[in-house]
Protein chains: 4
Amino acid sequence: MENLKIEKESAALLVIDPYNDFISEGGKLWDRLKAVAEANHCVPHMLQVLNAARKAGLRVFYALHHRYRPGDFETWKYIAPIQKAAWSRKTFEHGTWGGEIRSEFAPQPGEIVAQEHWCSSGFANTDLDLLLKRHGISKLIVIGLLAHTCVESTVRFAAELGYEATVVKDATASYTEEQMHATLVTNLPNYANAIVTADEVVGALSSLKALGTSA
Amino acid sequence: MENLKIEKESAALLVIDPYNDFISEGGKLWDRLKAVAEANHCVPHMLQVLNAARKAGLRVFYALHHRYRPGDFETWKYIAPIQKAAWSRKTFEHGTWGGEIRSEFAPQPGEIVAQEHWCSSGFANTDLDLLLKRHGISKLIVIGLLAHTCVESTVRFAAELGYEATVVKDATASYTEEQMHATLVTNLPNYANAIVTADEVVGALSSLKALGTSA
Amino acid sequence: MENLKIEKESAALLVIDPYNDFISEGGKLWDRLKAVAEANHCVPHMLQVLNAARKAGLRVFYALHHRYRPGDFETWKYIAPIQKAAWSRKTFEHGTWGGEIRSEFAPQPGEIVAQEHWCSSGFANTDLDLLLKRHGISKLIVIGLLAHTCVESTVRFAAELGYEATVVKDATASYTEEQMHATLVTNLPNYANAIVTADEVVGALSSLKALGTSA
Amino acid sequence: MENLKIEKESAALLVIDPYNDFISEGGKLWDRLKAVAEANHCVPHMLQVLNAARKAGLRVFYALHHRYRPGDFETWKYIAPIQKAAWSRKTFEHGTWGGEIRSEFAPQPGEIVAQEHWCSSGFANTDLDLLLKRHGISKLIVIGLLAHTCVESTVRFAAELGYEATVVKDATASYTEEQMHATLVTNLPNYANAIVTADEVVGALSSLKALGTSA
């Protein structure tokens with residue numbers, strides 16, 4: 001995709017849920033993800049894109065799933081199935097290693113961490129939309145987990161709220177190839193303005209840097 | 001699913017995009033939908049559910065896609081792919097037959113029509129959430145089109161915003177069985193509290209009526 | 001305020017509720033507004049600002065209050081006092097002269113009319129935020145009615161959602177000077193980035209035009 | 001107001017910003033608030049209402065202002081005046097006594113703390129709306145600070161989003177009586193369904209308890 005252009009003033013990288021529970025050996029969900037994530041080199045690609053964005057001076061945002069805390073959900077009258085599952089597994093438990101961001105992905109000073117989201121969309125019930133606007137961002141490059149839940153919901157919301165989204169297809173993963181297909185082939189072409197590879201994004205970010213654009 | 005219970009005070013039927021362009025012979029998109037919609041008897045099922053809801057006195061809401069009007073999108077700097085497609089086809093053109101609700105599905109007095117949505121979620125940038133709250137509704141029974149775009153986005157948003165959603169799987173359709181599968185099998189079990197048949201809903205609505213519950 | 005600068009690419013004029021019922025002789029609410037509106041020349045100032053914006057090629061948006069239609073509110077379980085009042089008066093009745101935009105303020109081709117709002121904020125339950133984003137707008141110049149209800153709520157929402165707002169203090173009106181004071185002196189200095197006169201805005205728009213900036 | 005009725009299943013107490021910086025001797029803003037707050041016995045009234053709500057088994061929610069953290073706002077392109085002021089004062093600084101909730105108001109197990117809000121509305125860019133819906137709440141009794149900023153914005157948003165709000169006029173305070181008047185007399189009668197005294201709320205909560213209603 002030779003045409004991928006990234007405008008530094010209006011674009012940002014959005015990193016979704018790079019928790020140990022998802023993408024580190026020993027994480028609660030890593031075993032379910034592993035086959036798909038290793039097949040497309042998801043984690044190394046996520047890291048390459050993040051590093052390239054940092055080198056190019058692109059603004060980096062984090063959309064993080066709610067970390068489980070004692071008492072969560074106990075008083076709710078209504079709950080979605082995906083929340084019930086997270087509750088029973090205590091996924092991303094606050095204060096535990098699994099609920100920490102994998103170390104290479106830890107936010108650096110000047111990077112923006114939105115409030116934790118309760119379900120799948122990084123935008124729903126959080127300050128992500130506000131923080132993007134306060135930084136003049138209208139275009140998102142999206143990496144992270146899971147493709148068919150948080151990534152797809154965040155990109156659907158992005159389109160609804162007026163953002164352009166580029167999804168990096170080999171810097172995301174799901175539990176099954178069927179889930180990857182549902183998101184990347186069946187659904188997101190309707191909502192993402194581009195679906196690209198990590199190589200393409202790294203290439204575009206490098207030429208951005210070469211051009212010497214400064215913030 | 002013998003357990004489907006409908007609470008009349010807090011539940012409503014949500015009908016998504018019953019436009020002629022989608023579900024009437026001669027509509028702009030009917031030919032693309034037809035095979036899937038006829039295979040599961042989508043339109044007759046939609047009608048059975050709507051009629052049963054009306055008989056039972058269940059509140060009925062409509063989430064309707066933006067009808068194309070001249071000038072739309074022309075000044076936009078950013079646009080989602082699905083909007084570009086709707087623009088080029090002039091789908092649901094305002095003032096034309098295709099942009100009218102198929103006659104059997106026309107809203108009746110006391111039924112609530114939310115503002116038109118620009119993309120896929122009936123909640124995004126509309127008054128649907130407000131109108132549901134103003135009527136005390138926290139649970140939705142969802143029918144209509146298309147499964148993998150408006151229905152899936154609306155149900156994903158419903159879960160994010162705190163609603164319980166029941167999806168009627170044979171009262172919805174998409175262009176392909178793959179799209180139906182992506183939505184009904186792969187994705188929505190995470191967000192819908194139940195995925196049921198029209199028969200099950202009609203049954204539950206009938207027993208509701210038999211119980212003589214009144215609003 | 002010699003420093004008022006308007007950036008054509010990112011700024012827009014937002015016109016709130018220029019209905020006959022508010023600002024035309026014979027309108028349902030004009031008699032209540034008249035003393036305040038004539039004291040600060042509200043309507044002529046609104047028109048001067050609108051015309052200057054049009055000449056300068058500034059993008060113009062409209063935030064319009066819900067027009068009363070038969071059946072409205074009848075089924076609501078909950079209603080705000082301001083809505084109850086609008087209901088009893090049938091303010092801005094759809095299909096009547098009072099519910100029409102005063103003729104000099106009628107939207108022109110290329111100007112953007114957001115969905116009608118049910119209460120006071122032009123942003124709440126409408127597509128205004130989406131449409132602003134889709135046009136790359138992050139700064140609003142606000143004129144219209146009423147100062148202490150729709151204007152104040154819209155500006156409070158603008159600040160919450162990440163927009164910069166400039167309020168034109170003599171292109172707005174309320175029923176009483178006390179209401180004007182509450183909004184323009186007591187409250188909005190917290191949320192509006194500038195509170196200026198129509199003359200200042202017209203001046204800034206004229207220099208914008210003189211500079212020959214083009215969209 | 002003999003008619004104040006509180007429905008335990010659908011009503012909740014909403015406590016806004018009971019930080020030491022606001023309502024404790026030695027807090028950064030207490031000296032500015034003190035005259036108004038002592039004149040209406042704001043803090044004792046807040047405590048009486050909170051205690052009565054707890055005794056009656058009413059659900060309690062907290063809407064808390066963003067606590068200042070190093071780095072905040074530094075990268076923002078746009079900022080509202082009220083945020084600039086909070087930034088310069090480092091109000092509610094995270095990790096300091098001023099940014100802690102005054103001890104008598106500390107949330108107890110089962111009470112719900114929404115995400116911190118960046119500006120004035122407890123609803124904007126937070127999960128407050130979601131959490132209220134997840135608990136079946138449609139009516140709010142509002143106490144806390146400041147009347148003309150966070151309380152007024154939260155109540156304006158509540159009305160826009162479909163909630164009924166009751167404001168306790170002697171369990172809130174501002175810096176000046178003029179600000180109190182703007183909010184309690186001029187503006188909020190449009191958006192709050194009732195404006196009452198702490199005594200009236202405590203009375204209504206006591207009879208609720210006497211009735212032995214259980215959750």
# chains A, B, ... in the order shown; residues from 1 in each chain; ligands from 1
>>> closest_atom_pairs(of="chain B", to="chain A", cutoff="9 Å", atoms="only C-alpha atoms", output="Markdown table")
| residue | atom | partner | partner_atom | distance |
| --- | --- | --- | --- | --- |
| B:Tyr78 | CA | A:Glu164 | CA | 6.7 |
| B:Ile79 | CA | A:Glu164 | CA | 7.3 |
| B:Ala80 | CA | A:Tyr191 | CA | 5.6 |
| B:Pro81 | CA | A:Asn190 | CA | 5.2 |
| B:Ile82 | CA | A:Asn190 | CA | 4.8 |
| B:Gln83 | CA | A:Asn190 | CA | 8.3 |
| B:Ala85 | CA | A:Asn190 | CA | 8.9 |
| B:Trp118 | CA | A:Glu160 | CA | 7.7 |
| B:Cys119 | CA | A:Glu160 | CA | 6.0 |
| B:Ser120 | CA | A:Glu160 | CA | 7.4 |
| B:Ser121 | CA | A:Glu160 | CA | 7.4 |
| B:Ala124 | CA | A:Glu160 | CA | 6.2 |
| B:Asn125 | CA | A:Leu161 | CA | 7.8 |
| B:Ser138 | CA | A:Tyr78 | CA | 8.7 |
| B:His148 | CA | A:Asn187 | CA | 6.8 |
| B:Thr149 | CA | A:Asn187 | CA | 7.5 |
| B:Ser153 | CA | A:Arg156 | CA | 7.1 |
| B:Arg156 | CA | A:Ser153 | CA | 7.1 |
| B:Phe157 | CA | A:Ala124 | CA | 8.2 |
| B:Ala159 | CA | A:Ala80 | CA | 6.0 |
| B:Glu160 | CA | A:Cys119 | CA | 6.0 |
| B:Leu161 | CA | A:Ala124 | CA | 7.4 |
| B:Gly162 | CA | A:Tyr78 | CA | 7.2 |
| B:Tyr163 | CA | A:Tyr78 | CA | 7.3 |
| B:Glu164 | CA | A:Tyr78 | CA | 6.7 |
| B:Ala165 | CA | A:Ala80 | CA | 8.7 |
| B:Glu178 | CA | A:Thr186 | CA | 7.6 |
| B:Gln179 | CA | A:Thr186 | CA | 6.3 |
| B:His181 | CA | A:Ala182 | CA | 8.3 |
| B:Ala182 | CA | A:Ala182 | CA | 5.0 |
| B:Thr183 | CA | A:Ala182 | CA | 7.9 |
| B:Thr186 | CA | A:Gln179 | CA | 6.3 |
| B:Asn187 | CA | A:His148 | CA | 6.8 |
| B:Pro189 | CA | A:Pro81 | CA | 7.1 |
| B:Asn190 | CA | A:Ile82 | CA | 4.8 |
| B:Tyr191 | CA | A:Ala80 | CA | 5.6 |
| B:Ala192 | CA | A:Ala80 | CA | 6.9 |
| B:Asn193 | CA | A:Pro81 | CA | 6.2 |
>>> select_by_dssp(residues="region 62-114 of chain C", states="alpha helix (DSSP H)", output="PDB file with N, CA, C and O atoms, in the first residue's frame")
ATOM      1  N   PRO C  81     -38.105  20.273  33.804  1.00  0.00           N
ATOM      2  CA  PRO C  81     -39.026  21.419  33.879  1.00  0.00           C
ATOM      3  C   PRO C  81     -39.033  22.256  32.601  1.00  0.00           C
ATOM      4  O   PRO C  81     -40.104  22.681  32.144  1.00  0.00           O
ATOM      5  N   ILE C  82     -37.881  22.492  32.012  1.00  0.00           N
ATOM      6  CA  ILE C  82     -37.826  23.326  30.817  1.00  0.00           C
ATOM      7  C   ILE C  82     -38.546  22.662  29.644  1.00  0.00           C
ATOM      8  O   ILE C  82     -39.090  23.330  28.763  1.00  0.00           O
ATOM      9  N   GLN C  83     -38.569  21.353  29.641  1.00  0.00           N
ATOM     10  CA  GLN C  83     -39.299  20.631  28.595  1.00  0.00           C
ATOM     11  C   GLN C  83     -40.802  20.678  28.856  1.00  0.00           C
ATOM     12  O   GLN C  83     -41.603  20.756  27.923  1.00  0.00           O
ATOM     13  N   LYS C  84     -41.166  20.613  30.114  1.00  0.00           N
ATOM     14  CA  LYS C  84     -42.589  20.714  30.452  1.00  0.00           C
ATOM     15  C   LYS C  84     -43.124  22.070  29.998  1.00  0.00           C
ATOM     16  O   LYS C  84     -44.222  22.168  29.429  1.00  0.00           O
ATOM     17  N   ALA C  85     -42.332  23.112  30.216  1.00  0.00           N
ATOM     18  CA  ALA C  85     -42.748  24.462  29.811  1.00  0.00           C
ATOM     19  C   ALA C  85     -42.878  24.550  28.283  1.00  0.00           C
ATOM     20  O   ALA C  85     -43.861  25.097  27.760  1.00  0.00           O
ATOM     21  N   ALA C  86     -41.918  23.998  27.579  1.00  0.00           N
ATOM     22  CA  ALA C  86     -41.964  24.040  26.110  1.00  0.00           C
ATOM     23  C   ALA C  86     -43.174  23.276  25.587  1.00  0.00           C
ATOM     24  O   ALA C  86     -43.820  23.667  24.615  1.00  0.00           O
ATOM     25  N   TRP C  87     -43.475  22.169  26.270  1.00  0.00           N
ATOM     26  CA  TRP C  87     -44.610  21.351  25.885  1.00  0.00           C
ATOM     27  C   TRP C  87     -45.918  22.121  26.070  1.00  0.00           C
ATOM     28  O   TRP C  87     -46.777  22.142  25.174  1.00  0.00           O
ATOM     29  N   SER C  88     -46.070  22.782  27.188  1.00  0.00           N
ATOM     30  CA  SER C  88     -47.332  23.472  27.463  1.00  0.00           C
ATOM     31  C   SER C  88     -47.537  24.640  26.498  1.00  0.00           C
ATOM     32  O   SER C  88     -48.653  24.964  26.122  1.00  0.00           O
ATOM     33  N   ARG C  89     -46.417  25.269  26.091  1.00  0.00           N
ATOM     34  CA  ARG C  89     -46.521  26.399  25.164  1.00  0.00           C
ATOM     35  C   ARG C  89     -46.503  25.981  23.701  1.00  0.00           C
ATOM     36  O   ARG C  89     -46.689  26.792  22.817  1.00  0.00           O
TER      37      ARG C  89
END
>>> select_by_dssp(residues="chain C", states="strand (DSSP E or B)", output="VMD selection string")
chain C and resid 11 to 16 19 59 to 63 65 68 93 101 112 to 113 117 139 to 145 164 to 173 194 to 196
>>> atom_distance(atom1="CA of Tyr19 (chain C)", atom2="CA of Leu64 (chain C)")
8.4 Å
>>> atom_distance(atom1="CA of Gln115 (chain C)", atom2="CA of Glu93 (chain C)")
15.7 Å
>>> atom_distance(atom1="CA of Phe92 (chain C)", atom2="CA of Lys28 (chain C)")
8.3 Å
>>> residues_around(residues="region 32-47 of chain C", least_positions_apart="4", cutoff="10 Å", atoms="only C-alpha atoms", output="PyMOL selection string")
chain C and resi 15+18+22-25+27-28+51-53+104-105+142-146+168-177+179-180+197-199+202
>>> residues_around(residues="Glu116 (chain A)", least_positions_apart="4", cutoff="7 Å", atoms="only C-alpha atoms", output="list in words")
Ala63, Leu64, His65, His66 and Thr126 of chain A
>>> residues_around(residues="region 67-73 of chain C", least_positions_apart="3", cutoff="7 Å", atoms="only C-alpha atoms", output="VMD selection string")
chain C and resid 76 90 to 94 99
>>> closest_residue(among="D:Val155, D:Leu131, D:Ala147, D:Ala204", to="Leu184 (chain D)", atoms="only C-alpha atoms")
D:Ala147
>>> residues_around(residues="Glu9 (chain B)", least_positions_apart="5", cutoff="12 Å", atoms="only C-alpha atoms", output="number ranges by chain")
B: 56-59, 132-133, 135-140, 208, 213-215; C: 77
>>> write_last_selection(atoms="C-alpha atoms", output="mmCIF file, in the first residue's frame")
data_model
loop_
_atom_site.group_PDB
_atom_site.id
_atom_site.type_symbol
_atom_site.label_atom_id
_atom_site.label_comp_id
_atom_site.auth_asym_id
_atom_site.auth_seq_id
_atom_site.Cartn_x
_atom_site.Cartn_y
_atom_site.Cartn_z
ATOM 1 C CA ALA B 56 -48.556 -7.359 23.931
ATOM 2 C CA GLY B 57 -48.353 -3.590 24.413
ATOM 3 C CA LEU B 58 -44.565 -3.564 24.335
ATOM 4 C CA ARG B 59 -43.016 -0.178 23.622
ATOM 5 C CA LEU B 132 -35.052 4.942 25.952
ATOM 6 C CA LYS B 133 -34.234 6.483 29.326
ATOM 7 C CA HIS B 135 -39.403 5.767 28.807
ATOM 8 C CA GLY B 136 -37.704 3.725 31.520
ATOM 9 C CA ILE B 137 -36.339 1.147 29.067
ATOM 10 C CA SER B 138 -33.224 -0.844 29.901
ATOM 11 C CA LYS B 139 -33.702 -3.949 27.730
ATOM 12 C CA LEU B 140 -33.920 -4.172 23.961
ATOM 13 C CA LEU B 208 -46.794 -11.713 28.488
ATOM 14 C CA THR B 213 -49.747 -7.260 32.418
ATOM 15 C CA SER B 214 -50.712 -3.694 31.726
ATOM 16 C CA ALA B 215 -48.540 -0.623 31.244
ATOM 17 C CA LYS C 77 -41.932 8.861 32.274
#
>>> decode(residues="region 180-201 of chain B", atoms="N, CA and C atoms", output="PDB file, in the first residue's frame")
ATOM      1  N   MET B 180     -23.390 -12.959   8.263  1.00  0.00           N
ATOM      2  CA  MET B 180     -24.306 -13.402   9.325  1.00  0.00           C
ATOM      3  C   MET B 180     -23.541 -14.150  10.413  1.00  0.00           C
ATOM      4  N   HIS B 181     -22.655 -15.021   9.977  1.00  0.00           N
ATOM      5  CA  HIS B 181     -21.875 -15.818  10.919  1.00  0.00           C
ATOM      6  C   HIS B 181     -20.977 -14.929  11.775  1.00  0.00           C
ATOM      7  N   ALA B 182     -20.312 -13.983  11.126  1.00  0.00           N
ATOM      8  CA  ALA B 182     -19.401 -13.089  11.872  1.00  0.00           C
ATOM      9  C   ALA B 182     -20.159 -12.405  13.001  1.00  0.00           C
ATOM     10  N   THR B 183     -21.360 -11.950  12.697  1.00  0.00           N
ATOM     11  CA  THR B 183     -22.139 -11.223  13.703  1.00  0.00           C
ATOM     12  C   THR B 183     -22.787 -12.145  14.718  1.00  0.00           C
ATOM     13  N   LEU B 184     -23.535 -13.133  14.209  1.00  0.00           N
ATOM     14  CA  LEU B 184     -24.386 -13.901  15.121  1.00  0.00           C
ATOM     15  C   LEU B 184     -23.626 -14.971  15.891  1.00  0.00           C
ATOM     16  N   VAL B 185     -22.569 -15.496  15.272  1.00  0.00           N
ATOM     17  CA  VAL B 185     -21.838 -16.586  15.930  1.00  0.00           C
ATOM     18  C   VAL B 185     -20.538 -16.093  16.563  1.00  0.00           C
ATOM     19  N   THR B 186     -19.818 -15.258  15.823  1.00  0.00           N
ATOM     20  CA  THR B 186     -18.491 -14.874  16.306  1.00  0.00           C
ATOM     21  C   THR B 186     -18.530 -13.708  17.289  1.00  0.00           C
ATOM     22  N   ASN B 187     -19.260 -12.669  16.961  1.00  0.00           N
ATOM     23  CA  ASN B 187     -19.137 -11.436  17.749  1.00  0.00           C
ATOM     24  C   ASN B 187     -20.234 -11.183  18.778  1.00  0.00           C
ATOM     25  N   LEU B 188     -21.488 -11.266  18.365  1.00  0.00           N
ATOM     26  CA  LEU B 188     -22.538 -10.787  19.278  1.00  0.00           C
ATOM     27  C   LEU B 188     -22.734 -11.599  20.555  1.00  0.00           C
ATOM     28  N   PRO B 189     -22.347 -12.884  20.596  1.00  0.00           N
ATOM     29  CA  PRO B 189     -22.451 -13.564  21.903  1.00  0.00           C
ATOM     30  C   PRO B 189     -21.689 -12.841  23.015  1.00  0.00           C
ATOM     31  N   ASN B 190     -20.748 -11.977  22.657  1.00  0.00           N
ATOM     32  CA  ASN B 190     -20.052 -11.192  23.681  1.00  0.00           C
ATOM     33  C   ASN B 190     -20.887 -10.031  24.208  1.00  0.00           C
ATOM     34  N   TYR B 191     -21.807  -9.560  23.402  1.00  0.00           N
ATOM     35  CA  TYR B 191     -22.494  -8.305  23.736  1.00  0.00           C
ATOM     36  C   TYR B 191     -24.004  -8.468  23.922  1.00  0.00           C
ATOM     37  N   ALA B 192     -24.604  -9.420  23.252  1.00  0.00           N
ATOM     38  CA  ALA B 192     -26.048  -9.644  23.393  1.00  0.00           C
ATOM     39  C   ALA B 192     -26.287 -10.593  24.555  1.00  0.00           C
ATOM     40  N   ASN B 193     -27.268 -10.268  25.401  1.00  0.00           N
ATOM     41  CA  ASN B 193     -27.565 -11.149  26.519  1.00  0.00           C
ATOM     42  C   ASN B 193     -28.295 -12.410  26.072  1.00  0.00           C
ATOM     43  N   ALA B 194     -28.930 -12.350  24.897  1.00  0.00           N
ATOM     44  CA  ALA B 194     -29.547 -13.549  24.335  1.00  0.00           C
ATOM     45  C   ALA B 194     -29.616 -13.402  22.820  1.00  0.00           C
ATOM     46  N   ILE B 195     -29.473 -14.531  22.134  1.00  0.00           N
ATOM     47  CA  ILE B 195     -29.657 -14.570  20.681  1.00  0.00           C
ATOM     48  C   ILE B 195     -30.691 -15.652  20.434  1.00  0.00           C
ATOM     49  N   VAL B 196     -31.857 -15.248  19.939  1.00  0.00           N
ATOM     50  CA  VAL B 196     -33.011 -16.139  19.940  1.00  0.00           C
ATOM     51  C   VAL B 196     -33.678 -16.176  18.566  1.00  0.00           C
ATOM     52  N   THR B 197     -34.709 -16.973  18.447  1.00  0.00           N
ATOM     53  CA  THR B 197     -35.480 -17.018  17.202  1.00  0.00           C
ATOM     54  C   THR B 197     -36.742 -16.165  17.340  1.00  0.00           C
ATOM     55  N   ALA B 198     -37.308 -15.840  16.186  1.00  0.00           N
ATOM     56  CA  ALA B 198     -38.563 -15.092  16.184  1.00  0.00           C
ATOM     57  C   ALA B 198     -39.648 -15.868  16.936  1.00  0.00           C
ATOM     58  N   ASP B 199     -39.675 -17.178  16.737  1.00  0.00           N
ATOM     59  CA  ASP B 199     -40.665 -18.005  17.440  1.00  0.00           C
ATOM     60  C   ASP B 199     -40.556 -17.844  18.951  1.00  0.00           C
ATOM     61  N   GLU B 200     -39.343 -17.849  19.429  1.00  0.00           N
ATOM     62  CA  GLU B 200     -39.157 -17.712  20.880  1.00  0.00           C
ATOM     63  C   GLU B 200     -39.653 -16.363  21.384  1.00  0.00           C
ATOM     64  N   VAL B 201     -39.372 -15.316  20.616  1.00  0.00           N
ATOM     65  CA  VAL B 201     -39.826 -13.985  21.050  1.00  0.00           C
ATOM     66  C   VAL B 201     -41.346 -13.898  20.988  1.00  0.00           C
TER      67      VAL B 201
END
